[in-house]
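Structure data (PDB, C-alpha atoms) from query08.pdb:
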ATOM      1  CA  MET A   1     -80.854  21.257 -48.055
ATOM      2  CA  ASN A   2     -80.579  22.775 -51.514
ATOM      3  CA  SER A   3     -80.750  20.199 -54.322
ATOM      4  CA  LEU A   4     -79.500  22.575 -57.006
ATOM      5  CA  PRO A   5     -76.006  21.829 -58.288
ATOM      6  CA  SER A   6     -73.393  24.193 -56.977
ATOM      7  CA  LYS A   7     -72.196  26.913 -59.289
ATOM      8  CA  PRO A   8     -68.853  25.942 -60.825
ATOM      9  CA  THR A   9     -65.885  27.730 -59.384
ATOM     10  CA  ARG A  10     -63.666  29.845 -61.557
ATOM     11  CA  LYS A  11     -61.105  27.042 -61.405
ATOM     12  CA  ASP A  12     -63.702  24.592 -62.716
ATOM     13  CA  ALA A  13     -64.641  26.949 -65.542
ATOM     14  CA  LEU A  14     -60.993  27.443 -66.495
ATOM     15  CA  GLY A  15     -60.450  23.692 -66.409
ATOM     16  CA  ASN A  16     -63.437  23.179 -68.709
ATOM     17  CA  ARG A  17     -62.115  25.804 -71.092
ATOM     18  CA  GLU A  18     -58.664  24.201 -71.231
ATOM     19  CA  ARG A  19     -60.133  20.712 -71.789
ATOM     20  CA  ILE A  20     -62.315  22.051 -74.602
ATOM     21  CA  LEU A  21     -59.297  23.707 -76.258
ATOM     22  CA  THR A  22     -57.138  20.596 -75.916
ATOM     23  CA  VAL A  23     -59.795  18.314 -77.367
ATOM     24  CA  ALA A  24     -60.700  20.822 -80.109
ATOM     25  CA  ARG A  25     -57.065  21.173 -81.181
ATOM     26  CA  ASP A  26     -56.751  17.415 -81.679
ATOM     27  CA  ALA A  27     -60.222  17.008 -83.190
ATOM     28  CA  LEU A  28     -59.779  19.822 -85.715
ATOM     29  CA  ALA A  29     -56.313  18.570 -86.638
ATOM     30  CA  ALA A  30     -57.839  15.157 -87.376
ATOM     31  CA  SER A  31     -60.869  16.518 -89.237
ATOM     32  CA  THR A  32     -61.831  20.077 -90.056
ATOM     33  CA  SER A  33     -65.464  19.023 -89.898
ATOM     34  CA  ALA A  34     -65.259  17.799 -86.296
ATOM     35  CA  SER A  35     -68.559  18.611 -84.630
ATOM     36  CA  LEU A  36     -68.797  20.853 -81.607
ATOM     37  CA  THR A  37     -71.062  18.277 -79.966
ATOM     38  CA  ALA A  38     -68.356  15.614 -80.336
ATOM     39  CA  ILE A  39     -65.733  18.016 -78.998
ATOM     40  CA  ALA A  40     -67.880  18.837 -75.956
ATOM     41  CA  LYS A  41     -68.563  15.154 -75.281
ATOM     42  CA  GLN A  42     -64.895  14.194 -75.545
ATOM     43  CA  ALA A  43     -63.949  17.127 -73.280
ATOM     44  CA  GLY A  44     -66.433  15.858 -70.698
ATOM     45  CA  VAL A  45     -68.639  18.955 -70.787
ATOM     46  CA  GLY A  46     -72.123  19.674 -72.037
ATOM     47  CA  ILE A  47     -72.685  21.483 -75.295
ATOM     48  CA  GLY A  48     -74.031  24.451 -73.306
ATOM     49  CA  THR A  49     -70.713  24.723 -71.456
ATOM     50  CA  LEU A  50     -68.838  24.716 -74.751
ATOM     51  CA  TYR A  51     -71.105  27.472 -76.105
ATOM     52  CA  ARG A  52     -70.698  29.557 -72.935
ATOM     53  CA  HIS A  53     -66.957  29.589 -73.542
ATOM     54  CA  PHE A  54     -67.097  29.672 -77.347
ATOM     55  CA  PRO A  55     -70.410  30.970 -78.718
ATOM     56  CA  THR A  56     -69.491  30.035 -82.308
ATOM     57  CA  ARG A  57     -67.264  27.555 -84.099
ATOM     58  CA  GLU A  58     -65.229  30.520 -85.342
ATOM     59  CA  SER A  59     -64.627  31.790 -81.799
ATOM     60  CA  LEU A  60     -63.247  28.370 -80.819
ATOM     61  CA  ILE A  61     -60.984  28.252 -83.870
ATOM     62  CA  LEU A  62     -59.727  31.795 -83.258
ATOM     63  CA  GLU A  63     -58.915  31.025 -79.628
ATOM     64  CA  LEU A  64     -56.866  28.024 -80.755
ATOM     65  CA  TYR A  65     -55.139  30.254 -83.296
ATOM     66  CA  ARG A  66     -54.303  32.899 -80.686
ATOM     67  CA  HIS A  67     -52.967  30.346 -78.235
ATOM     68  CA  ASP A  68     -50.843  28.507 -80.783
ATOM     69  CA  ILE A  69     -49.466  31.654 -82.438
ATOM     70  CA  GLN A  70     -48.464  33.046 -79.048
ATOM     71  CA  GLN A  71     -46.658  29.788 -78.263
ATOM     72  CA  LEU A  72     -44.735  30.069 -81.542
ATOM     73  CA  ILE A  73     -43.834  33.679 -80.821
ATOM     74  CA  ASP A  74     -42.580  32.777 -77.342
ATOM     75  CA  LEU A  75     -40.651  29.770 -78.641
ATOM     76  CA  ALA A  76     -38.211  31.705 -80.871
ATOM     77  CA  PRO A  77     -36.069  33.285 -78.121
ATOM     78  CA  THR A  78     -36.347  30.138 -75.994
ATOM     79  CA  LEU A  79     -34.844  28.031 -78.780
ATOM     80  CA  LEU A  80     -31.989  30.502 -79.197
ATOM     81  CA  GLU A  81     -31.124  30.070 -75.515
ATOM     82  CA  SER A  82     -30.525  26.351 -75.960
ATOM     83  CA  HIS A  83     -29.489  25.884 -79.611
ATOM     84  CA  PRO A  84     -27.121  27.443 -82.134
ATOM     85  CA  PRO A  85     -28.967  29.952 -84.355
ATOM     86  CA  LEU A  86     -29.331  27.708 -87.415
ATOM     87  CA  ALA A  87     -30.616  24.778 -85.334
ATOM     88  CA  ALA A  88     -33.000  27.119 -83.483
ATOM     89  CA  LEU A  89     -34.310  28.426 -86.807
ATOM     90  CA  ARG A  90     -34.856  24.912 -88.156
ATOM     91  CA  ARG A  91     -36.640  23.774 -84.987
ATOM     92  CA  TRP A  92     -38.831  26.862 -85.024
ATOM     93  CA  PHE A  93     -39.700  26.325 -88.690
ATOM     94  CA  GLU A  94     -40.585  22.706 -87.866
ATOM     95  CA  GLU A  95     -42.984  23.943 -85.178
ATOM     96  CA  VAL A  96     -44.482  26.409 -87.667
ATOM     97  CA  ALA A  97     -44.963  23.491 -90.085
ATOM     98  CA  ARG A  98     -46.630  21.426 -87.353
ATOM     99  CA  TYR A  99     -48.945  24.319 -86.659
ATOM    100  CA  GLY A 100     -49.580  24.656 -90.399
ATOM    101  CA  ARG A 101     -50.958  21.125 -90.466
ATOM    102  CA  LEU A 102     -53.567  22.207 -87.904
ATOM    103  CA  LYS A 103     -54.286  25.507 -89.649
ATOM    104  CA  TYR A 104     -54.732  23.775 -93.017
ATOM    105  CA  GLY A 105     -58.383  23.038 -92.401
ATOM    106  CA  VAL A 106     -59.282  26.332 -90.772
ATOM    107  CA  ALA A 107     -57.193  28.773 -92.783
ATOM    108  CA  GLU A 108     -60.169  30.597 -94.307
ATOM    109  CA  VAL A 109     -61.740  31.235 -90.895
ATOM    110  CA  VAL A 110     -58.505  32.585 -89.420
ATOM    111  CA  HIS A 111     -57.726  34.631 -92.531
ATOM    112  CA  ALA A 112     -61.185  36.223 -92.573
ATOM    113  CA  ALA A 113     -61.148  36.954 -88.851
ATOM    114  CA  THR A 114     -57.696  38.496 -88.902
ATOM    115  CA  ASN A 115     -58.124  40.519 -92.114
ATOM    116  CA  GLY A 116     -55.441  38.534 -93.854
ATOM    117  CA  GLY A 117     -52.755  39.189 -91.293
ATOM    118  CA  LEU A 118     -51.840  42.836 -91.544
ATOM    119  CA  ASP A 119     -54.318  44.017 -88.900
ATOM    120  CA  ASP A 120     -53.918  40.935 -86.735
ATOM    121  CA  GLU A 121     -52.510  41.672 -83.274
ATOM    122  CA  TYR A 122     -50.145  38.697 -83.688
ATOM    123  CA  TYR A 123     -48.737  39.665 -87.077
ATOM    124  CA  GLN A 124     -45.980  42.002 -85.916
ATOM    125  CA  PRO A 125     -44.934  39.857 -82.924
ATOM    126  CA  PHE A 126     -44.726  36.854 -85.279
ATOM    127  CA  VAL A 127     -42.603  38.840 -87.748
ATOM    128  CA  ASP A 128     -40.461  39.984 -84.812
ATOM    129  CA  ALA A 129     -39.935  36.348 -83.755
ATOM    130  CA  ILE A 130     -38.703  35.574 -87.258
ATOM    131  CA  ALA A 131     -36.419  38.617 -87.099
ATOM    132  CA  VAL A 132     -34.890  37.441 -83.817
ATOM    133  CA  LEU A 133     -33.991  34.105 -85.408
ATOM    134  CA  LEU A 134     -32.740  35.647 -88.651
ATOM    135  CA  ASN A 135     -30.626  38.252 -86.849
ATOM    136  CA  ALA A 136     -29.030  35.590 -84.645
ATOM    137  CA  GLY A 137     -28.238  33.450 -87.690
ATOM    138  CA  SER A 138     -26.847  36.416 -89.583
ATOM    139  CA  ALA A 139     -24.696  37.477 -86.613
ATOM    140  CA  ALA A 140     -23.348  33.925 -86.352
ATOM    141  CA  GLY A 141     -22.512  33.962 -90.075
ATOM    142  CA  SER A 142     -24.782  31.044 -90.960
ATOM    143  CA  LEU A 143     -27.520  33.125 -92.622
ATOM    144  CA  LYS A 144     -27.391  35.859 -95.236
ATOM    145  CA  PRO A 145     -27.272  39.383 -93.849
ATOM    146  CA  ASP A 146     -30.216  41.731 -94.321
ATOM    147  CA  LEU A 147     -32.911  39.059 -94.711
ATOM    148  CA  VAL A 148     -36.416  40.544 -94.581
ATOM    149  CA  PRO A 149     -38.604  38.751 -92.006
ATOM    150  CA  GLU A 150     -41.832  39.490 -93.949
ATOM    151  CA  ASP A 151     -40.315  37.777 -97.007
ATOM    152  CA  VAL A 152     -39.526  34.710 -94.928
ATOM    153  CA  LEU A 153     -43.063  34.749 -93.517
ATOM    154  CA  LEU A 154     -44.402  34.780 -97.059
ATOM    155  CA  GLN A 155     -42.271  31.741 -97.845
ATOM    156  CA  LEU A 156     -43.506  29.982 -94.699
ATOM    157  CA  SER A 157     -47.128  30.667 -95.606
ATOM    158  CA  VAL A 158     -46.968  27.839 -98.112
ATOM    159  CA  LEU A 159     -47.013  25.477 -95.117
ATOM    160  CA  TRP A 160     -50.688  26.329 -94.516
ATOM    161  CA  ARG A 161     -51.499  25.096 -98.019
ATOM    162  CA  ILE A 162     -50.048  21.612 -97.625
ATOM    163  CA  ASP A 163     -52.730  18.968 -97.219
ATOM    164  CA  PRO A 164     -51.650  16.916 -94.187
ATOM    165  CA  ALA A 165     -53.528  13.903 -95.552
ATOM    166  CA  ARG A 166     -51.374  13.830 -98.684
ATOM    167  CA  ASP A 167     -47.909  13.134 -97.282
ATOM    168  CA  GLY A 168     -47.973  16.592 -95.703
ATOM    169  CA  GLU A 169     -45.283  16.030 -93.098
ATOM    170  CA  ALA A 170     -42.706  14.832 -95.621
ATOM    171  CA  ARG A 171     -43.627  17.587 -98.084
ATOM    172  CA  ALA A 172     -43.322  20.240 -95.357
ATOM    173  CA  ALA A 173     -39.884  18.903 -94.408
ATOM    174  CA  ARG A 174     -38.712  19.152 -98.029
ATOM    175  CA  ILE A 175     -40.081  22.679 -98.392
ATOM    176  CA  LEU A 176     -38.463  23.779 -95.121
ATOM    177  CA  THR A 177     -35.132  22.492 -96.391
ATOM    178  CA  LEU A 178     -35.583  24.545 -99.568
ATOM    179  CA  ILE A 179     -36.473  27.662 -97.569
ATOM    180  CA  ILE A 180     -33.520  27.270 -95.206
ATOM    181  CA  ASP A 181     -31.130  26.548 -98.084
ATOM    182  CA  GLY A 182     -32.198  29.869 -99.610
ATOM    183  CA  LEU A 183     -31.439  31.708 -96.356
ATOM    184  CA  LEU A 184     -27.967  30.250 -95.820
ATOM    185  CA  ALA A 185     -24.951  32.475 -96.174
ATOM    186  CA  LYS A 186     -22.994  31.329 -99.166
ATOM    187  CA  PRO A 187     -19.286  30.903 -98.629
ATOM    188  CA  THR A 188     -17.276  33.323-100.703
ATOM    189  CA  THR A 189     -15.288  31.622-103.403
ATOM    190  CA  SER A 190     -11.759  32.694-104.027
ATOM    191  CA  THR A 191     -10.668  33.092-107.614
TER     192      THR A 191
END
As structure tokens, the full file:
Amino acid sequence: MNSLPSKPTRKDALGNRERILTVARDALAASTSASLTAIAKQAGVGIGTLYRHFPTRESLILELYRHDIQQLIDLAPTLLESHPPLAALRRWFEEVARYGRLKYGVAEVVHAATNGGLDDEYYQPFVDAIAVLLNAGSAAGSLKPDLVPEDVLLQLSVLWRIDPARDGEARAARILTLIIDGLLAKPTTST
């Protein structure tokens, strides 16, 4: 009988990868200096397993970025299916703010790896998600017509600069209100 451990199945490897990502997301949100050893231990895998999936800290952070950005992109049309345009926009912005609290500690890594956004494969789909929400709000009459999605993205980028440890959630909520107020269609006044 062979005493060597059996080679993990693809399902096992995928499960390990997902556990690592889940634990890393929480650990990095709590502390940007979370160690990879602690992440591996909490995920129930050895450090070698973590490094097989993510050879560097940066590769782990970028995978989290890709996953979370794709979720945000996919969320925009989903919210429009179940909410009026303005409510969908607000909920989507709130999710962007939540993501910003995670990105706060790793912004330099993501920025460097994605060349600041313009060459990033997720840049245009993210801008397109904003456009979907803005166009729906404009068509419903709740948002100004002809809003530029890239301008709104620039406004949202401030969310990645808010320190979550310094009343970040409340500050993000106030800033989102300011951003949305600036996007609202103003009723015409009769003279």
Counting all atoms listed in the file, give me one row per residue of region 29-146 of chain A with an atom at most 9 Å from an atom of region 164-180 of chain A, showing the shortest contact pair and its distance in Å to one decimal, sorted by chain then residue number, as a tab-separated table.
residue	atom	partner	partner_atom	distance
A:Leu86	CA	A:Ile180	CA	8.9
A:Leu89	CA	A:Ile180	CA	8.5
A:Arg90	CA	A:Ile180	CA	7.6
A:Phe93	CA	A:Leu176	CA	7.0
A:Glu94	CA	A:Ala173	CA	7.6
A:Ala97	CA	A:Ala172	CA	6.4
A:Arg98	CA	A:Glu169	CA	8.0
A:Gly100	CA	A:Pro164	CA	8.9
A:Arg101	CA	A:Pro164	CA	5.7
A:Leu102	CA	A:Pro164	CA	8.4
A:Tyr104	CA	A:Pro164	CA	7.6
A:Leu143	CA	A:Ile180	CA	8.8
Would you list the contacts of Ala27 (chain A) as a PyMOL selection string, taking every protein, DNA or RNA residue within 10 Å and counting only C-alpha atoms, but skipping same-chain residues closer than 4 positions in sequence?
-> chain A and resi 21-23+31-36+38-39+42+102
Non-local contacts of Ile130 (chain A) (8 Å; all atoms listed in the file; under 6 positions in same chain excluded) as a PyMOL selection string | chain A and resi 76+149+152-153
Counting only C-alpha atoms, which of A:Tyr51, A:Ser82, A:Val96, A:Gly182 gets nearest to Gln70 (chain A)?
-> A:Val96
Which polymer residues have any atom within 10 Å of an atom of Asn16 (chain A), counting only C-alpha atoms, with same-chain residues fewer than 3 positions away left out, as a PDB file with C-alpha atoms, in the coordinates of the input?
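File produced: out_5.pdb:
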ATOM      1  CA  PRO A   8     -68.853  25.942 -60.825  1.00  0.00           C
ATOM      2  CA  ARG A  10     -63.666  29.845 -61.557  1.00  0.00           C
ATOM      3  CA  LYS A  11     -61.105  27.042 -61.405  1.00  0.00           C
ATOM      4  CA  ASP A  12     -63.702  24.592 -62.716  1.00  0.00           C
ATOM      5  CA  ALA A  13     -64.641  26.949 -65.542  1.00  0.00           C
ATOM      6  CA  ARG A  19     -60.133  20.712 -71.789  1.00  0.00           C
ATOM      7  CA  ILE A  20     -62.315  22.051 -74.602  1.00  0.00           C
ATOM      8  CA  LEU A  21     -59.297  23.707 -76.258  1.00  0.00           C
ATOM      9  CA  THR A  22     -57.138  20.596 -75.916  1.00  0.00           C
ATOM     10  CA  ALA A  40     -67.880  18.837 -75.956  1.00  0.00           C
ATOM     11  CA  ALA A  43     -63.949  17.127 -73.280  1.00  0.00           C
ATOM     12  CA  GLY A  44     -66.433  15.858 -70.698  1.00  0.00           C
ATOM     13  CA  VAL A  45     -68.639  18.955 -70.787  1.00  0.00           C
ATOM     14  CA  GLY A  46     -72.123  19.674 -72.037  1.00  0.00           C
ATOM     15  CA  THR A  49     -70.713  24.723 -71.456  1.00  0.00           C
ATOM     16  CA  LEU A  50     -68.838  24.716 -74.751  1.00  0.00           C
ATOM     17  CA  HIS A  53     -66.957  29.589 -73.542  1.00  0.00           C
TER      18      HIS A  53
END
Pairwise distance for CA of Ile61 (chain A) and CA of Asp120 (chain A), rounded to one decimal in Å | 14.8 Å
Leu75 (chain A): which residues within 9 Å, counting all atoms listed in the file, same-chain residues fewer than 4 positions away excluded, as a ChimeraX atom specification?
-> /A:70-71,79-80,92,129
Residue nearest Pro85 (chain A) among A:Leu60, A:Leu134, A:Ala24, A:Ile162 (counting only C-alpha atoms) =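 The answer is A:Leu134, which sits nearest to Pro85 (chain A).
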Which region 37-103 of chain A residues have any atom within 10 Å of an atom of region 121-127 of chain A, and for each, what is the nearest pair of atoms with distance in Å to one decimal, counting only C-alpha atoms, rows sorted by chain and number, as JSON lines?
{"residue": "A:Tyr65", "atom": "CA", "partner": "A:Tyr122", "partner_atom": "CA", "distance": 9.8}
{"residue": "A:Arg66", "atom": "CA", "partner": "A:Tyr122", "partner_atom": "CA", "distance": 7.7}
{"residue": "A:Ile69", "atom": "CA", "partner": "A:Tyr122", "partner_atom": "CA", "distance": 7.2}
{"residue": "A:Gln70", "atom": "CA", "partner": "A:Tyr122", "partner_atom": "CA", "distance": 7.5}
{"residue": "A:Leu72", "atom": "CA", "partner": "A:Phe126", "partner_atom": "CA", "distance": 7.7}
{"residue": "A:Ile73", "atom": "CA", "partner": "A:Phe126", "partner_atom": "CA", "distance": 5.5}
{"residue": "A:Asp74", "atom": "CA", "partner": "A:Phe126", "partner_atom": "CA", "distance": 9.2}
{"residue": "A:Ala76", "atom": "CA", "partner": "A:Phe126", "partner_atom": "CA", "distance": 9.4}
Go through A:Arg57, A:Leu184, A:Pro145, A:Tyr99 one by one, measure the shortest atom-to-atom distance of each to Trp160 (chain A) using all atoms listed in the file, and give the residue with the smallest value.
->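 Among the listed residues, A:Tyr99 lies closest to Trp160 (chain A).
From CA of Leu28 (chain A) back to CA of Asp163 (chain A), the distance works out to 13.5 Å.
Considering the residues A:Thr56, A:Ser138, A:Gln155, A:Thr37 and counting all atoms listed in the file, Pro84 (chain A) has its shortest atom-to-atom contact with A:Ser138.
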Of A:Ile47, A:Ala131, A:Ala140, A:Val158, the one nearest to Pro77 (chain A) when counting only C-alpha atoms is A:Ala131
What is the distance, in Å and to one decimal place, between CA of Glu81 (chain A) and CA of Leu147 (chain A)?
->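 Spanning CA of Glu81 (chain A) to CA of Leu147 (chain A) is a straight-line distance of 21.3 Å.
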Could I see region 164-175 of chain A restored to all heavy atoms, set down as an mmCIF file, in the coordinates of the input?
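Printed below is selection22.cif as written:
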data_model
loop_
_atom_site.group_PDB
_atom_site.id
_atom_site.type_symbol
_atom_site.label_atom_id
_atom_site.label_comp_id
_atom_site.auth_asym_id
_atom_site.auth_seq_id
_atom_site.Cartn_x
_atom_site.Cartn_y
_atom_site.Cartn_z
ATOM 1 N N PRO A 164 -52.320 17.884 -95.055
ATOM 2 C CA PRO A 164 -51.650 16.916 -94.187
ATOM 3 C C PRO A 164 -51.998 15.470 -94.534
ATOM 4 O O PRO A 164 -51.227 14.560 -94.237
ATOM 5 C CB PRO A 164 -52.137 17.275 -92.782
ATOM 6 C CG PRO A 164 -53.256 18.219 -92.942
ATOM 7 C CD PRO A 164 -53.225 18.753 -94.330
ATOM 8 N N ALA A 165 -53.119 15.262 -95.199
ATOM 9 C CA ALA A 165 -53.528 13.903 -95.552
ATOM 10 C C ALA A 165 -52.788 13.379 -96.772
ATOM 11 O O ALA A 165 -52.865 12.192 -97.083
ATOM 12 C CB ALA A 165 -55.036 13.864 -95.805
ATOM 13 N N ARG A 166 -52.071 14.239 -97.465
ATOM 14 C CA ARG A 166 -51.374 13.830 -98.684
ATOM 15 C C ARG A 166 -49.868 13.948 -98.491
ATOM 16 O O ARG A 166 -49.226 14.759 -99.125
ATOM 17 C CB ARG A 166 -51.841 14.672 -99.856
ATOM 18 C CG ARG A 166 -53.352 14.595 -100.041
ATOM 19 C CD ARG A 166 -53.791 15.469 -101.128
ATOM 20 N NE ARG A 166 -54.032 14.621 -102.290
ATOM 21 C CZ ARG A 166 -54.316 15.064 -103.475
ATOM 22 N NH1 ARG A 166 -54.338 16.355 -103.695
ATOM 23 N NH2 ARG A 166 -54.555 14.237 -104.457
ATOM 24 N N ASP A 167 -49.345 13.152 -97.566
ATOM 25 C CA ASP A 167 -47.909 13.134 -97.282
ATOM 26 C C ASP A 167 -47.412 14.515 -96.847
ATOM 27 O O ASP A 167 -46.311 14.937 -97.194
ATOM 28 C CB ASP A 167 -47.139 12.629 -98.509
ATOM 29 C CG ASP A 167 -45.737 12.157 -98.170
ATOM 30 O OD1 ASP A 167 -45.516 11.722 -97.016
ATOM 31 O OD2 ASP A 167 -44.857 12.235 -99.047
ATOM 32 N N GLY A 168 -48.250 15.221 -96.090
ATOM 33 C CA GLY A 168 -47.973 16.592 -95.703
ATOM 34 C C GLY A 168 -46.717 16.783 -94.886
ATOM 35 O O GLY A 168 -45.987 17.747 -95.084
ATOM 36 N N GLU A 169 -46.455 15.872 -93.954
ATOM 37 C CA GLU A 169 -45.283 16.030 -93.098
ATOM 38 C C GLU A 169 -43.993 15.954 -93.906
ATOM 39 O O GLU A 169 -43.089 16.775 -93.738
ATOM 40 C CB GLU A 169 -45.299 14.975 -91.991
ATOM 41 C CG GLU A 169 -44.357 15.286 -90.873
ATOM 42 C CD GLU A 169 -44.601 14.392 -89.661
ATOM 43 O OE1 GLU A 169 -45.687 13.829 -89.502
ATOM 44 O OE2 GLU A 169 -43.652 14.280 -88.865
ATOM 45 N N ALA A 170 -43.912 14.985 -94.798
ATOM 46 C CA ALA A 170 -42.706 14.832 -95.621
ATOM 47 C C ALA A 170 -42.554 16.012 -96.586
ATOM 48 O O ALA A 170 -41.456 16.528 -96.784
ATOM 49 C CB ALA A 170 -42.747 13.518 -96.392
ATOM 50 N N ARG A 171 -43.687 16.450 -97.165
ATOM 51 C CA ARG A 171 -43.627 17.587 -98.084
ATOM 52 C C ARG A 171 -43.179 18.844 -97.342
ATOM 53 O O ARG A 171 -42.352 19.610 -97.830
ATOM 54 C CB ARG A 171 -44.983 17.803 -98.736
ATOM 55 C CG ARG A 171 -44.997 19.036 -99.628
ATOM 56 C CD ARG A 171 -46.225 19.114 -100.441
ATOM 57 N NE ARG A 171 -45.985 18.272 -101.607
ATOM 58 C CZ ARG A 171 -46.905 17.963 -102.492
ATOM 59 N NH1 ARG A 171 -48.130 18.394 -102.352
ATOM 60 N NH2 ARG A 171 -46.610 17.218 -103.532
ATOM 61 N N ALA A 172 -43.713 19.066 -96.148
ATOM 62 C CA ALA A 172 -43.322 20.240 -95.357
ATOM 63 C C ALA A 172 -41.832 20.198 -95.044
ATOM 64 O O ALA A 172 -41.153 21.224 -95.123
ATOM 65 C CB ALA A 172 -44.145 20.309 -94.072
ATOM 66 N N ALA A 173 -41.314 19.027 -94.709
ATOM 67 C CA ALA A 173 -39.884 18.903 -94.408
ATOM 68 C C ALA A 173 -39.037 19.270 -95.627
ATOM 69 O O ALA A 173 -38.025 19.972 -95.497
ATOM 70 C CB ALA A 173 -39.563 17.488 -93.939
ATOM 71 N N ARG A 174 -39.454 18.812 -96.805
ATOM 72 C CA ARG A 174 -38.712 19.152 -98.029
ATOM 73 C C ARG A 174 -38.765 20.654 -98.310
ATOM 74 O O ARG A 174 -37.757 21.270 -98.662
ATOM 75 C CB ARG A 174 -39.270 18.368 -99.226
ATOM 76 C CG ARG A 174 -38.985 16.884 -99.178
ATOM 77 C CD ARG A 174 -39.330 16.185 -100.492
ATOM 78 N NE ARG A 174 -40.705 16.372 -100.913
ATOM 79 C CZ ARG A 174 -41.729 15.581 -100.602
ATOM 80 N NH1 ARG A 174 -41.528 14.516 -99.823
ATOM 81 N NH2 ARG A 174 -42.945 15.822 -101.063
ATOM 82 N N ILE A 175 -39.932 21.244 -98.135
ATOM 83 C CA ILE A 175 -40.081 22.679 -98.392
ATOM 84 C C ILE A 175 -39.267 23.491 -97.389
ATOM 85 O O ILE A 175 -38.624 24.476 -97.753
ATOM 86 C CB ILE A 175 -41.572 23.074 -98.398
ATOM 87 C CG1 ILE A 175 -42.219 22.496 -99.649
ATOM 88 C CG2 ILE A 175 -41.743 24.583 -98.321
ATOM 89 C CD1 ILE A 175 -43.721 22.633 -99.712
#
